[in-house]
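Asks: I am attaching a structure below and will ask some questions about it afterwards.
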Amino acid sequence: MNKKLKNDAVDQLFDAVLSLENKEECYAFFEDLCTVNELLSLSQRFEVANMLRSHKTYLEIAEKTGASTATISRVNRSLNYGNDGYHMIFERLK
């Protein structure tokens, strides 16, 4: 865990997310919390991570998602050298 990230405000945000009970509640909360572009960027990164796990090329990913090669590279770095958050979620979604 990144020590720069850990604080009371982030803890409260994560507690709020953990209290959501269904997709409709997620939509309501995240639409209030994030701009449309922020939410689309988050979902794009998640889609990129899933495609990288499926061994798609950067070109295939960029064409399908519209993500820049910099974004794809950043997500790839997180998949390979991050905190395994993506891996944990993908395992749970199986």
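Here's how to read the names in the structure tokens: chain A, B, ... by the order shown, residue numbers from 1 in each chain, ligand numbers from 1 in the order shown.
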Env of Arg53 of chain A: 10 Å cut, atoms = only C-alpha atoms, seq-sep filter 5 positions within chain, self excluded. Answer as a PyMOL selection string.
Replies: chain A and resi 47-48+76+79+86-87+90
Asks: Please list as JSON, numbers by chain every residue within 12 Å of Thr69 of chain A, counting only C-alpha atoms and excluding residues in the same chain fewer than 2 positions away.
Replies: {"A": [45, 48, 57, 58, 59, 60, 61, 62, 63, 65, 66, 67, 71, 72, 73, 74, 75, 76]}
Asks: Could you name the residues that touch segment 5-18 of chain A at 12 Å or less, counting only C-alpha atoms, but leaving out those on the same chain fewer than 5 positions away, as a VMD selection string?
Replies: chain A and resid 23 25 to 30 33
Asks: Kindly indicate which residue among A:Ile89, A:Ala70, A:Cys34, A:Leu20 lies nearest to Asn50 of chain A, using only C-alpha atoms for the distances.
Replies: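 Smallest separation from Asn50 of chain A among the options: A:Ile89.
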Asks: What is the atom CA of Ser68 of chain A-atom CA of Asn80 of chain A distance in Å, reported with one decimal?
Replies: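 Those two atoms sit 18.4 Å apart.
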Asks: Determine which residues of chain A DSSP labels as helix (DSSP H, G or I) from the backbone of this structure, then write them out as a VMD selection string.
Replies: chain A and resid 8 to 19 23 to 33 36 to 53 58 to 65 69 to 81 85 to 92
Asks: Have a look at A:Arg92, A:Lys64, A:Phe46, A:Glu24 and name the one nearest to Ser78 of chain A; count only C-alpha atoms.
Replies: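 Looking only at the distances to Ser78 of chain A, the closest residue turns out to be A:Phe46.
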